[in-house]
$ cat target-v3.tsv   # TSV, C-alpha atoms
chain	number	residue	atom	x	y	z
J	1414	MET	CA	14.43	-19.64	-9.89
J	1415	ALA	CA	15.69	-17.98	-13.08
J	1416	PRO	CA	18.49	-15.41	-12.72
J	1417	LEU	CA	17.67	-11.75	-13.05
J	1418	PRO	CA	18.28	-10.22	-16.48
J	1419	THR	CA	21.62	-8.50	-16.91
J	1420	ASP	CA	20.04	-5.53	-18.66
J	1421	THR	CA	17.92	-3.10	-16.70
J	1422	ALA	CA	15.21	-0.62	-17.63
J	1423	PRO	CA	16.16	3.00	-18.29
J	1424	ALA	CA	17.29	4.64	-15.06
J	1425	ARG	CA	14.34	6.10	-13.18
J	1426	VAL	CA	14.01	7.01	-9.53
J	1427	LEU	CA	10.98	7.81	-7.46
J	1428	PRO	CA	10.64	11.45	-6.38
J	1429	VAL	CA	11.51	12.02	-2.71
J	1430	ILE	CA	9.63	14.61	-0.67
J	1431	GLU	CA	10.06	15.69	2.94
J	1432	ILE	CA	7.40	17.63	4.85
J	1433	SER	CA	7.13	18.93	8.40
J	1434	GLY	CA	5.28	21.41	10.57
J	1435	SER	CA	1.59	21.62	11.46
J	1436	PRO	CA	-0.86	19.35	9.62
J	1437	LEU	CA	-1.97	22.21	7.38
J	1438	ASP	CA	1.63	23.25	6.69
J	1439	ARG	CA	2.66	19.67	5.95
J	1440	GLY	CA	-0.21	19.33	3.55
J	1441	ARG	CA	0.62	22.55	1.70
J	1442	GLN	CA	4.26	21.52	1.31
J	1443	TYR	CA	3.14	18.15	0.03
J	1444	GLY	CA	0.53	19.53	-2.37
J	1445	GLU	CA	2.95	22.08	-3.84
J	1446	ALA	CA	5.62	19.41	-4.34
J	1447	VAL	CA	3.33	16.95	-6.14
J	1448	ARG	CA	1.04	19.30	-8.04
J	1449	PRO	CA	1.78	17.78	-11.49
J	1450	GLN	CA	1.61	14.18	-10.22
J	1451	LEU	CA	-1.62	14.79	-8.32
J	1452	ARG	CA	-3.27	16.37	-11.34
J	1453	ALA	CA	-2.11	13.44	-13.46
J	1454	ALA	CA	-3.69	11.05	-10.93
J	1455	LEU	CA	-6.99	12.95	-11.14
J	1456	GLY	CA	-6.87	12.68	-14.92
J	1457	TYR	CA	-6.20	8.95	-14.83
J	1458	TYR	CA	-8.97	8.13	-12.36
J	1459	GLU	CA	-11.42	10.38	-14.20
J	1460	GLU	CA	-10.79	8.30	-17.33
J	1461	ALA	CA	-10.82	5.02	-15.42
J	1462	PHE	CA	-14.13	5.66	-13.65
J	1463	GLY	CA	-15.60	7.06	-16.83
J	1464	GLN	CA	-14.78	3.93	-18.82
J	1465	SER	CA	-15.61	1.36	-16.15
J	1466	ALA	CA	-18.61	2.98	-14.50
J	1467	GLY	CA	-19.81	5.86	-16.63
J	1468	LEU	CA	-19.08	8.29	-13.78
J	1469	THR	CA	-17.56	11.74	-14.10
J	1470	TRP	CA	-14.85	12.70	-11.65
J	1471	ASP	CA	-17.20	15.28	-10.13
J	1472	GLN	CA	-19.64	12.47	-9.37
J	1473	VAL	CA	-16.90	10.36	-7.79
J	1474	ALA	CA	-15.69	13.28	-5.66
J	1475	ALA	CA	-19.23	14.12	-4.58
J	1476	ARG	CA	-19.83	10.52	-3.49
J	1477	ALA	CA	-16.50	10.49	-1.64
J	1478	ALA	CA	-17.89	13.23	0.62
J	1479	ARG	CA	-19.51	10.44	2.65
J	1480	TRP	CA	-16.11	9.83	4.26
J	1481	LEU	CA	-15.41	13.45	5.23
J	1482	GLU	CA	-17.17	13.53	8.60
J	1483	PRO	CA	-16.11	10.03	9.71
J	1484	VAL	CA	-12.47	10.96	9.04
J	1485	ARG	CA	-12.90	14.33	10.74
J	1486	ASP	CA	-14.38	12.62	13.80
J	1487	TYR	CA	-11.59	10.06	14.00
J	1488	ALA	CA	-8.55	12.08	12.90
J	1489	PRO	CA	-9.28	15.80	12.38
J	1490	HIS	CA	-5.57	16.50	11.82
J	1491	LEU	CA	-5.64	14.29	8.73
J	1492	VAL	CA	-8.51	16.31	7.25
J	1493	GLU	CA	-6.36	19.41	7.88
J	1494	GLU	CA	-3.48	17.73	6.10
J	1495	MET	CA	-5.73	16.85	3.15
J	1496	GLN	CA	-6.99	20.43	3.05
J	1497	GLY	CA	-3.38	21.60	2.93
J	1498	ILE	CA	-2.65	19.19	0.07
J	1499	ALA	CA	-5.66	20.55	-1.82
J	1500	ASP	CA	-4.53	24.14	-1.23
J	1501	GLY	CA	-0.97	23.41	-2.28
J	1502	ALA	CA	-1.99	21.55	-5.44
J	1503	GLY	CA	-4.78	23.96	-6.38
J	1504	VAL	CA	-7.57	21.39	-6.26
J	1505	GLY	CA	-10.59	20.79	-4.02
J	1506	LEU	CA	-10.64	18.98	-0.69
J	1507	LEU	CA	-13.07	16.40	-2.09
J	1508	ASP	CA	-10.66	15.72	-4.96
J	1509	VAL	CA	-7.96	14.82	-2.44
J	1510	LEU	CA	-10.39	12.84	-0.30
J	1511	ALA	CA	-11.49	10.85	-3.36
J	1512	LEU	CA	-7.86	10.02	-4.19
J	1513	ASN	CA	-7.46	8.80	-0.63
J	1514	ALA	CA	-10.64	6.74	-0.88
J	1515	ARG	CA	-10.18	5.40	-4.40
J	1516	GLY	CA	-10.13	1.81	-3.10
J	1517	GLU	CA	-13.34	2.39	-1.19
J	1518	VAL	CA	-14.94	3.84	-4.32
J	1519	ILE	CA	-13.97	0.72	-6.25
J	1520	TYR	CA	-15.15	-1.81	-3.65
J	1521	ASP	CA	-18.03	0.05	-1.97
J	1522	LYS	CA	-21.26	-1.96	-2.06
J	1523	SER	CA	-23.49	1.04	-2.71
J	1524	PHE	CA	-21.32	2.08	-5.66
J	1525	ALA	CA	-21.71	-1.43	-7.04
J	1526	GLN	CA	-25.47	-0.98	-6.93
J	1527	MET	CA	-25.36	2.24	-8.92
J	1528	GLU	CA	-26.00	1.96	-12.61
J	1529	ALA	CA	-24.63	4.36	-15.17
J	1530	ASP	CA	-25.04	3.97	-18.90
J	1531	GLY	CA	-26.09	0.38	-18.34
J	1532	GLN	CA	-22.93	-0.53	-16.38
J	1533	GLN	CA	-22.39	-1.19	-12.71
J	1534	ALA	CA	-19.92	1.01	-10.92
J	1535	GLY	CA	-17.23	-0.36	-8.72
J	1536	GLU	CA	-16.71	-3.75	-10.35
J	1537	GLU	CA	-13.98	-5.63	-8.52
J	1538	PRO	CA	-10.66	-5.56	-10.37
J	1539	ALA	CA	-8.02	-8.27	-10.16
J	1540	ASP	CA	-5.92	-6.65	-7.44
J	1541	GLY	CA	-2.41	-7.73	-6.58
J	1542	CYS	CA	0.24	-7.14	-3.91
J	1543	THR	CA	2.60	-9.54	-2.15
J	1544	SER	CA	3.96	-8.64	1.31
J	1545	PHE	CA	6.60	-10.30	3.47
J	1546	ALA	CA	8.39	-10.19	6.81
J	1547	ALA	CA	11.61	-12.08	7.55
J	1548	TYR	CA	13.68	-12.23	10.73
J	1549	GLY	CA	15.21	-14.68	13.18
J	1550	GLU	CA	15.64	-18.12	11.60
J	1551	ALA	CA	14.54	-16.77	8.22
J	1552	SER	CA	17.23	-14.08	8.15
J	1553	GLY	CA	20.76	-15.39	7.77
J	1554	ASP	CA	22.35	-12.03	8.60
J	1555	GLY	CA	20.23	-11.43	11.71
J	1556	HIS	CA	18.46	-8.37	10.32
J	1557	VAL	CA	14.70	-7.77	10.37
J	1558	TYR	CA	13.27	-7.21	6.89
J	1559	ALA	CA	9.82	-6.14	5.68
J	1560	GLY	CA	8.54	-5.19	2.27
J	1561	GLN	CA	6.29	-5.94	-0.64
J	1562	ASN	CA	5.58	-5.76	-4.33
J	1563	TRP	CA	2.91	-3.07	-4.64
J	1564	ASP	CA	0.87	-3.91	-7.74
J	1565	TRP	CA	-1.68	-1.45	-9.04
J	1566	ARG	CA	-2.77	0.39	-12.16
J	1567	ALA	CA	0.13	1.02	-14.54
J	1568	GLY	CA	-1.46	4.35	-15.47
J	1569	VAL	CA	-0.56	5.88	-12.09
J	1570	ALA	CA	3.10	4.77	-12.08
J	1571	ASP	CA	4.34	8.31	-12.65
J	1572	THR	CA	2.24	9.61	-9.73
J	1573	VAL	CA	4.03	7.49	-7.11
J	1574	VAL	CA	6.30	9.38	-4.70
J	1575	MET	CA	8.34	8.59	-1.60
J	1576	ILE	CA	7.51	10.86	1.29
J	1577	ARG	CA	9.11	11.50	4.68
J	1578	ILE	CA	6.83	13.08	7.27
J	1579	VAL	CA	8.39	14.72	10.32
J	1580	GLN	CA	5.59	15.19	12.85
J	1581	PRO	CA	6.78	15.33	16.48
J	1582	PRO	CA	5.89	13.96	18.95
J	1583	LYS	CA	4.65	11.20	16.64
J	1584	PRO	CA	7.19	9.00	14.86
J	1585	THR	CA	8.76	10.16	11.62
J	1586	LEU	CA	7.38	8.21	8.65
J	1587	ILE	CA	8.70	7.04	5.29
J	1588	MET	CA	6.00	5.87	2.88
J	1589	GLN	CA	5.40	5.09	-0.78
J	1590	VAL	CA	2.14	6.72	-1.87
J	1591	GLU	CA	0.22	7.92	-4.88
J	1592	ALA	CA	0.53	11.70	-4.98
J	1593	GLY	CA	-1.99	13.28	-2.61
J	1594	GLN	CA	-2.50	10.21	-0.44
J	1595	ILE	CA	-1.81	10.57	3.28
J	1596	GLY	CA	-0.99	6.92	3.93
J	1597	ARG	CA	-0.25	3.61	2.25
J	1598	GLN	CA	2.80	1.38	2.92
J	1599	GLY	CA	5.94	2.29	4.80
J	1600	ALA	CA	7.81	2.29	8.10
J	1601	ASN	CA	8.48	4.66	10.98
J	1602	SER	CA	11.23	5.82	13.32
J	1603	ALA	CA	9.89	3.57	16.08
J	1604	GLY	CA	10.99	0.60	13.97
J	1605	ILE	CA	7.53	-0.48	12.80
J	1606	ALA	CA	6.82	-1.42	9.18
J	1607	PHE	CA	3.36	-1.63	7.64
J	1608	ASN	CA	2.65	-3.54	4.43
J	1609	ALA	CA	-0.77	-4.12	2.94
J	1610	ASN	CA	-2.75	-6.21	0.47
J	1611	GLY	CA	-6.27	-5.87	-0.89
J	1612	LEU	CA	-8.62	-8.73	-0.01
J	1613	GLY	CA	-11.88	-7.87	-1.76
J	1614	GLY	CA	-15.36	-9.09	-0.98
J	1615	ARG	CA	-18.56	-7.08	-0.64
J	1616	PHE	CA	-19.79	-6.36	2.87
J	1617	ASP	CA	-22.58	-4.12	4.12
J	1618	ASP	CA	-22.90	-0.45	3.19
J	1619	ALA	CA	-22.14	1.00	6.64
J	1620	ILE	CA	-19.62	3.84	6.46
J	1621	GLY	CA	-16.14	2.99	7.70
J	1622	LEU	CA	-12.75	4.68	7.47
J	1623	PRO	CA	-10.75	4.76	4.22
J	1624	GLN	CA	-7.67	2.56	4.15
J	1625	THR	CA	-5.29	5.51	3.76
J	1626	VAL	CA	-6.54	6.91	7.07
J	1627	VAL	CA	-6.27	3.56	8.86
J	1628	ARG	CA	-2.80	2.86	7.49
J	1629	ARG	CA	-1.48	6.32	8.34
J	1630	SER	CA	-2.91	5.98	11.84
J	1631	VAL	CA	-1.11	2.66	12.27
J	1632	LEU	CA	2.23	4.15	11.24
J	1633	ASP	CA	1.66	7.11	13.55
J	1634	GLN	CA	2.03	4.75	16.56
J	1635	SER	CA	5.26	4.33	18.51
J	1636	ASN	CA	4.87	0.69	19.56
J	1637	ILE	CA	3.51	-2.52	18.09
J	1638	THR	CA	0.62	-2.94	20.54
J	1639	ASP	CA	-0.72	0.56	19.83
J	1640	ALA	CA	-0.39	-0.11	16.10
J	1641	LEU	CA	-2.38	-3.32	16.50
J	1642	ASP	CA	-4.96	-1.47	18.56
J	1643	VAL	CA	-5.64	0.87	15.64
J	1644	LEU	CA	-6.39	-2.11	13.42
J	1645	CYS	CA	-8.54	-3.84	16.02
J	1646	ARG	CA	-10.49	-0.79	17.25
J	1647	THR	CA	-11.28	0.97	13.98
J	1648	ARG	CA	-13.89	-0.07	11.45
J	1649	ALA	CA	-12.45	0.14	7.98
J	1650	HIS	CA	-14.85	0.58	5.08
J	1651	ILE	CA	-13.42	-2.30	3.04
J	1652	ALA	CA	-11.42	-5.45	3.68
J	1653	SER	CA	-7.63	-5.23	3.62
J	1654	ASN	CA	-4.70	-7.24	4.86
J	1655	ALA	CA	-2.18	-5.64	7.22
J	1656	LEU	CA	1.28	-7.09	7.85
J	1657	LEU	CA	3.05	-5.46	10.80
J	1658	THR	CA	6.73	-6.02	11.49
J	1659	CYS	CA	8.81	-4.44	14.25
J	1660	ARG	CA	12.51	-3.91	14.78
J	1661	GLU	CA	12.66	-6.16	17.82
J	1662	GLY	CA	11.97	-9.22	15.65
J	1663	PHE	CA	8.21	-9.74	15.64
J	1664	ALA	CA	5.55	-9.82	12.94
J	1665	ILE	CA	1.83	-10.42	12.79
J	1666	ASP	CA	-0.63	-10.41	9.92
J	1667	LEU	CA	-4.23	-9.21	10.31
J	1668	GLU	CA	-6.90	-9.80	7.70
J	1669	THR	CA	-9.15	-6.87	8.58
J	1670	THR	CA	-12.73	-6.71	7.33
J	1671	PRO	CA	-15.91	-4.84	8.29
J	1672	ALA	CA	-17.23	-8.23	9.51
J	1673	GLY	CA	-14.29	-9.21	11.74
J	1674	HIS	CA	-10.57	-9.96	11.68
J	1675	GLY	CA	-8.39	-13.01	11.24
J	1676	TRP	CA	-4.69	-13.22	12.13
J	1677	MET	CA	-1.61	-15.31	11.57
J	1678	TYR	CA	2.03	-15.41	12.67
J	1679	PRO	CA	5.28	-16.21	10.85
J	1680	THR	CA	6.57	-19.74	10.43
J	1681	ASP	CA	10.23	-19.94	11.45
J	1682	GLY	CA	10.50	-16.17	11.09
J	1683	LEU	CA	8.99	-15.89	7.59
J	1684	LEU	CA	5.52	-14.61	6.71
J	1685	VAL	CA	4.16	-13.92	3.21
J	1686	HIS	CA	0.68	-12.66	2.35
J	1687	GLY	CA	-1.09	-11.96	-0.91
J	1688	ASN	CA	-4.64	-11.07	-1.96
J	1689	HIS	CA	-6.64	-14.06	-0.75
J	1690	TYR	CA	-7.83	-14.91	2.75
J	1691	GLN	CA	-5.15	-17.06	4.36
J	1692	ALA	CA	-6.15	-16.92	8.04
J	1693	GLY	CA	-9.80	-17.78	7.41
J	1694	ILE	CA	-12.70	-16.79	5.18
J	1695	PRO	CA	-15.12	-14.31	6.82
J	1696	ALA	CA	-18.55	-15.84	7.43
J	1697	PRO	CA	-20.47	-13.45	5.10
J	1698	LEU	CA	-18.15	-14.33	2.22
J	1699	ALA	CA	-18.10	-18.04	2.99
J	1700	ALA	CA	-21.89	-18.07	2.98
J	1701	ALA	CA	-21.91	-16.36	-0.40
J	1702	GLY	CA	-19.51	-18.89	-1.93
J	1703	TYR	CA	-16.17	-17.08	-1.61
J	1704	ARG	CA	-13.65	-17.24	-4.41
J	1705	PRO	CA	-10.35	-15.31	-4.40
J	1706	MET	CA	-10.62	-12.07	-6.32
J	1707	SER	CA	-7.03	-12.58	-7.52
J	1708	SER	CA	-6.45	-16.16	-8.54
J	1709	ASP	CA	-2.80	-15.37	-9.24
J	1710	SER	CA	-2.36	-14.70	-5.51
J	1711	LEU	CA	-2.55	-18.48	-5.07
J	1712	VAL	CA	0.66	-18.69	-7.10
J	1713	ARG	CA	2.44	-15.56	-5.87
J	1714	VAL	CA	2.39	-16.41	-2.16
J	1715	PRO	CA	4.11	-19.83	-2.36
J	1716	ARG	CA	6.58	-18.56	-4.96
J	1717	ALA	CA	7.60	-15.64	-2.75
J	1718	THR	CA	7.81	-17.94	0.26
J	1719	GLU	CA	10.08	-20.37	-1.56
J	1720	GLY	CA	12.29	-17.61	-2.96
J	1721	LEU	CA	12.69	-15.87	0.39
J	1722	LYS	CA	13.78	-19.10	2.09
J	1723	ALA	CA	17.17	-18.48	0.46
J	1724	LEU	CA	17.66	-15.64	2.97
J	1725	ARG	CA	18.66	-18.26	5.53
J	1726	GLY	CA	22.03	-18.54	3.80
J	1727	SER	CA	22.74	-14.80	3.58
J	1728	THR	CA	25.97	-13.53	5.09
J	1729	GLY	CA	25.11	-9.83	5.12
J	1730	PRO	CA	22.65	-7.08	4.08
J	1731	ASP	CA	24.09	-6.66	0.56
J	1732	GLU	CA	23.53	-10.34	-0.17
J	1733	SER	CA	20.12	-10.24	1.51
J	1734	ARG	CA	18.95	-7.42	-0.76
J	1735	LYS	CA	20.00	-9.41	-3.83
J	1736	ILE	CA	18.16	-12.49	-2.58
J	1737	ILE	CA	15.00	-10.51	-1.80
J	1738	ARG	CA	15.03	-8.72	-5.15
J	1739	GLN	CA	15.53	-12.06	-6.88
J	1740	ALA	CA	12.63	-13.63	-4.98
J	1741	MET	CA	10.29	-10.72	-5.70
J	1742	SER	CA	11.20	-10.84	-9.42
J	1743	ASP	CA	9.61	-14.25	-10.00
J	1744	HIS	CA	7.75	-14.57	-13.31
J	1745	LEU	CA	5.81	-17.82	-12.98
J	1746	GLY	CA	2.40	-17.04	-14.51
J	1747	HIS	CA	3.70	-13.92	-16.30
J	1748	PRO	CA	2.30	-11.30	-16.73
J	1749	GLU	CA	0.11	-11.73	-13.61
J	1750	SER	CA	3.11	-13.04	-11.70
J	1751	LEU	CA	4.79	-12.07	-8.45
J	1752	CYS	CA	6.63	-9.45	-10.46
J	1753	THR	CA	3.60	-8.11	-12.33
J	1754	HIS	CA	3.71	-6.72	-15.86
J	1755	PRO	CA	0.94	-5.17	-18.00
J	1756	ASP	CA	-1.21	-7.75	-19.77
J	1757	PRO	CA	-1.45	-6.80	-23.47
J	1758	ARG	CA	-4.74	-8.72	-23.69
J	1759	ARG	CA	-6.44	-6.08	-21.54
J	1760	PRO	CA	-7.44	-2.52	-22.47
J	1761	LEU	CA	-4.73	0.04	-21.70
J	1762	ILE	CA	-6.74	1.60	-18.86
J	1763	GLU	CA	-6.79	-1.79	-17.11
J	1764	HIS	CA	-3.07	-2.49	-17.30
J	1765	TRP	CA	-1.49	-3.56	-14.01
J	1766	THR	CA	2.13	-3.60	-12.96
J	1767	THR	CA	4.39	-3.69	-9.94
J	1768	LEU	CA	4.63	0.02	-9.18
J	1769	VAL	CA	7.16	-0.36	-6.36
J	1770	SER	CA	9.07	-3.24	-4.81
J	1771	SER	CA	10.02	-2.08	-1.32
J	1772	LEU	CA	12.47	-3.35	1.27
J	1773	ALA	CA	12.80	-1.86	4.76
J	1774	ASP	CA	15.74	-3.04	6.85
J	1775	LEU	CA	14.35	-2.41	10.32
J	1776	THR	CA	17.72	-3.26	11.90
J	1777	SER	CA	19.84	-0.70	10.02
J	1778	GLY	CA	17.06	1.74	9.13
J	1779	ASP	CA	17.87	1.59	5.41
J	1780	TYR	CA	14.92	1.80	2.99
J	1781	HIS	CA	15.13	0.59	-0.60
J	1782	VAL	CA	12.61	0.76	-3.44
J	1783	THR	CA	12.43	0.02	-7.14
J	1784	ALA	CA	10.80	2.54	-9.45
J	1785	GLY	CA	8.75	-0.16	-11.14
J	1786	THR	CA	9.20	-3.89	-11.68
J	1787	PRO	CA	12.12	-5.32	-9.66
J	1788	CYS	CA	13.19	-7.80	-12.35
J	1789	ASP	CA	14.78	-5.07	-14.45
J	1790	ARG	CA	15.46	-2.26	-11.98
J	1791	GLU	CA	17.98	-1.87	-9.22
J	1792	TYR	CA	17.01	-0.77	-5.74
J	1793	GLN	CA	16.98	2.97	-5.08
J	1794	HIS	CA	18.51	3.62	-1.64
J	1795	LEU	CA	16.47	6.43	-0.12
J	1796	PRO	CA	18.36	9.45	1.23
J	1797	TRP	CA	16.83	9.06	4.69
J	1798	ASN	CA	17.44	6.53	7.43
J	1799	LEU	CA	14.39	5.47	9.42
J	1800	TYR	CA	16.16	6.35	12.63
J	1801	ASP	CA	17.58	9.74	11.62
J	1802	GLY	CA	16.76	12.72	13.81
J	1803	PRO	CA	15.63	13.30	17.37
J	1804	TYR	CA	12.61	10.99	17.05
J	1805	GLY	CA	14.55	7.95	15.87
J	1806	GLN	CA	15.63	5.03	18.03
J	1807	ASN	CA	19.39	4.88	17.35
$ encode --input "target-v3.tsv" --output "structure tokens"
Amino acid sequence: MAPLPTDTAPARVLPVIEISGSPLDRGRQYGEAVRPQLRAALGYYEEAFGQSAGLTWDQVAARAARWLEPVRDYAPHLVEEMQGIADGAGVGLLDVLALNARGEVIYDKSFAQMEADGQQAGEEPADGCTSFAAYGEASGDGHVYAGQNWDWRAGVADTVVMIRIVQPPKPTLIMQVEAGQIGRQGANSAGIAFNANGLGGRFDDAIGLPQTVVRRSVLDQSNITDALDVLCRTRAHIASNALLTCREGFAIDLETTPAGHGWMYPTDGLLVHGNHYQAGIPAPLAAAGYRPMSSDSLVRVPRATEGLKALRGSTGPDESRKIIRQAMSDHLGHPESLCTHPDPRRPLIEHWTTLVSSLADLTSGDYHVTAGTPCDREYQHLPWNLYDGPYGQN
């Protein structure tokens, strides 16, 4: 593996936000803190949906209303939180809901059947994220690590924030999210980390829960079995991969789909997942002649696996962080590599990049992120420890 470059990108850190109180209060604090980023996100997605599907943002928000009652039935407190975000940012509830369901809008079967200006809405993009868990034999220093390269639209890079949510009696959360989203990837004070990867594939048009709601509900749990229960008992609207890791030294990966779930466990303490089905192809997709939506995932997963094997020789957390950053900076297949960079051959609105490379040390409680591609940026050590406060486990 090639060494990391000695020069780094201009110093940039992700904004850090802490919220607490009732769901409505938390939302208002959040919305006020991210008002400019949230409005920038609305502007980006309005342009993106306009160019790719001929839809106005008002049309997207109106269609997103289909998820309002299902979310209210399952988690009314999260609708309150979204309402607070809308109030704090000075936008509408459906605007916030649409930001939280932007993946569902992209992959939803009924959106794909809509035609606007001769185009089909919701065409599947080439998604990309690479998640990992390492502990036991795979971790030379004995720590439990979890993280991922979160690859998404380069146009929303400046809308990404780190948020800490204090919500007793539920665990305290640390997550990386697009401004206005109530859940994505992160870890909690119970020592559980959640990392995720898009899987793609069209299923039926039955209404399920948005991924942000499912993921937040997973991280709201205080033990691994309850977190798994959320994934197994809820019906998500679209397919997504969930990698759960816990402080005690355990990890499991679930490929969740509206048609059923597959699962897999680490090999010698190491588990890596990308954007193709690795545990098994769901029957509806197999029957339709499944092909991975992200062909580069077939390269990223083995490259990350090979790079992370070097952790076995680590003598401590400082060395482990260097090894992990090195592994997640791999450029084979550049620009659609493990460390993803914008492809100049594509229109600007379709540029992809690694928005955040995250690393949660579930043993020490330290949380590190890069504000962009890890190959040319150092880790930002967040000001919070996972186990700080009365609801931590130290």
$ residues_around --input "target-v3.tsv" --residues "segment 1484-1497 of chain J" --least-positions-apart "4" --cutoff "10 Å" --atoms "all atoms listed in the file" --output "PDB file with C-alpha atoms, in the coordinates of the input"
ATOM      1  CA  SER J1435       1.590  21.620  11.460  1.00  0.00           C
ATOM      2  CA  PRO J1436      -0.860  19.350   9.620  1.00  0.00           C
ATOM      3  CA  LEU J1437      -1.970  22.210   7.380  1.00  0.00           C
ATOM      4  CA  ASP J1438       1.630  23.250   6.690  1.00  0.00           C
ATOM      5  CA  ARG J1439       2.660  19.670   5.950  1.00  0.00           C
ATOM      6  CA  GLY J1440      -0.210  19.330   3.550  1.00  0.00           C
ATOM      7  CA  ARG J1441       0.620  22.550   1.700  1.00  0.00           C
ATOM      8  CA  GLN J1442       4.260  21.520   1.310  1.00  0.00           C
ATOM      9  CA  TYR J1443       3.140  18.150   0.030  1.00  0.00           C
ATOM     10  CA  GLY J1444       0.530  19.530  -2.370  1.00  0.00           C
ATOM     11  CA  GLU J1445       2.950  22.080  -3.840  1.00  0.00           C
ATOM     12  CA  ARG J1479     -19.510  10.440   2.650  1.00  0.00           C
ATOM     13  CA  TRP J1480     -16.110   9.830   4.260  1.00  0.00           C
ATOM     14  CA  GLY J1501      -0.970  23.410  -2.280  1.00  0.00           C
ATOM     15  CA  ALA J1502      -1.990  21.550  -5.440  1.00  0.00           C
ATOM     16  CA  GLY J1503      -4.780  23.960  -6.380  1.00  0.00           C
ATOM     17  CA  VAL J1504      -7.570  21.390  -6.260  1.00  0.00           C
ATOM     18  CA  GLY J1505     -10.590  20.790  -4.020  1.00  0.00           C
ATOM     19  CA  LEU J1506     -10.640  18.980  -0.690  1.00  0.00           C
ATOM     20  CA  LEU J1507     -13.070  16.400  -2.090  1.00  0.00           C
ATOM     21  CA  ASP J1508     -10.660  15.720  -4.960  1.00  0.00           C
ATOM     22  CA  VAL J1509      -7.960  14.820  -2.440  1.00  0.00           C
ATOM     23  CA  LEU J1510     -10.390  12.840  -0.300  1.00  0.00           C
ATOM     24  CA  ASN J1513      -7.460   8.800  -0.630  1.00  0.00           C
ATOM     25  CA  GLY J1593      -1.990  13.280  -2.610  1.00  0.00           C
ATOM     26  CA  GLN J1594      -2.500  10.210  -0.440  1.00  0.00           C
ATOM     27  CA  ILE J1595      -1.810  10.570   3.280  1.00  0.00           C
ATOM     28  CA  GLY J1596      -0.990   6.920   3.930  1.00  0.00           C
ATOM     29  CA  GLY J1621     -16.140   2.990   7.700  1.00  0.00           C
ATOM     30  CA  LEU J1622     -12.750   4.680   7.470  1.00  0.00           C
ATOM     31  CA  PRO J1623     -10.750   4.760   4.220  1.00  0.00           C
ATOM     32  CA  VAL J1626      -6.540   6.910   7.070  1.00  0.00           C
ATOM     33  CA  VAL J1627      -6.270   3.560   8.860  1.00  0.00           C
ATOM     34  CA  ARG J1629      -1.480   6.320   8.340  1.00  0.00           C
ATOM     35  CA  SER J1630      -2.910   5.980  11.840  1.00  0.00           C
ATOM     36  CA  THR J1647     -11.280   0.970  13.980  1.00  0.00           C
TER      37      THR J1647
END
$ closest_residue --input "target-v3.tsv" --among "J:Thr1669, J:Gln1739, J:Ser1465, J:Ser1708" --to "Glu1763 of chain J" --atoms "all atoms listed in the file"
J:Ser1465
$ residues_near_point --input "target-v3.tsv" --point "(-9.7, -8.3, 5.7)" --cutoff "7 Å" --atoms "all atoms listed in the file" --output "PyMOL selection string"
chain J and resi 1612+1652-1654+1668-1670+1674
$ atom_distance --input "target-v3.tsv" --atom1 "atom CA of Ile1762 of chain J" --atom2 "atom CA of Pro1787 of chain J"
22.1 Å
$ atom_distance --input "target-v3.tsv" --atom1 "atom CA of Gly1693 of chain J" --atom2 "atom CA of Gln1624 of chain J"
20.7 Å
$ atom_distance --input "target-v3.tsv" --atom1 "atom CA of Ser1770 of chain J" --atom2 "atom CA of Val1557 of chain J"
16.8 Å
$ closest_residue --input "target-v3.tsv" --among "J:Glu1791, J:Glu1719, J:Asp1564, J:Asp1774" --to "Arg1738 of chain J" --atoms "only C-alpha atoms"
J:Glu1791
$ residues_around --input "target-v3.tsv" --residues "Asn1636 of chain J" --least-positions-apart "5" --cutoff "10 Å" --atoms "all atoms listed in the file" --output "MDAnalysis selection string"
chainID J and resid 1584 1603:1605 1631 1641 1659
$ closest_residue --input "target-v3.tsv" --among "J:Arg1713, J:Leu1667, J:Arg1476, J:Asp1554" --to "Gly1729 of chain J" --atoms "all atoms listed in the file"
J:Asp1554
$ closest_residue --input "target-v3.tsv" --among "J:His1781, J:Arg1452, J:Arg1704, J:Arg1577" --to "Ile1430 of chain J" --atoms "only C-alpha atoms"
J:Arg1577
$ residues_around --input "target-v3.tsv" --residues "Leu1656 of chain J" --least-positions-apart "3" --cutoff "7 Å" --atoms "only C-alpha atoms" --output "list of chain:residue names"
J:Phe1607, J:Asn1608, J:Ala1609, J:Ile1665, J:Asp1666, J:Leu1667
$ write_last_selection --input "target-v3.tsv" --atoms "C-alpha atoms" --output "short mmCIF file (atom, residue, chain, number, x, y, z; two decimals), in the coordinates of the input"
data_model
loop_
_atom_site.label_atom_id
_atom_site.label_comp_id
_atom_site.auth_asym_id
_atom_site.auth_seq_id
_atom_site.Cartn_x
_atom_site.Cartn_y
_atom_site.Cartn_z
CA PHE J 1607 3.36 -1.63 7.64
CA ASN J 1608 2.65 -3.54 4.43
CA ALA J 1609 -0.77 -4.12 2.94
CA ILE J 1665 1.83 -10.42 12.79
CA ASP J 1666 -0.63 -10.41 9.92
CA LEU J 1667 -4.23 -9.21 10.31
#
$ closest_residue --input "target-v3.tsv" --among "J:Gly1785, J:Pro1755, J:Gly1778, J:Gly1746" --to "Ile1587 of chain J" --atoms "all atoms listed in the file"
J:Gly1778
$ residues_near_point --input "target-v3.tsv" --point "(8.2, -4.8, -12.1)" --cutoff "12 Å" --atoms "all atoms listed in the file" --output "number ranges by chain"
J: 1417, 1421-1422, 1542, 1561-1565, 1567, 1570, 1738-1739, 1741-1744, 1747-1755, 1765-1771, 1782-1792
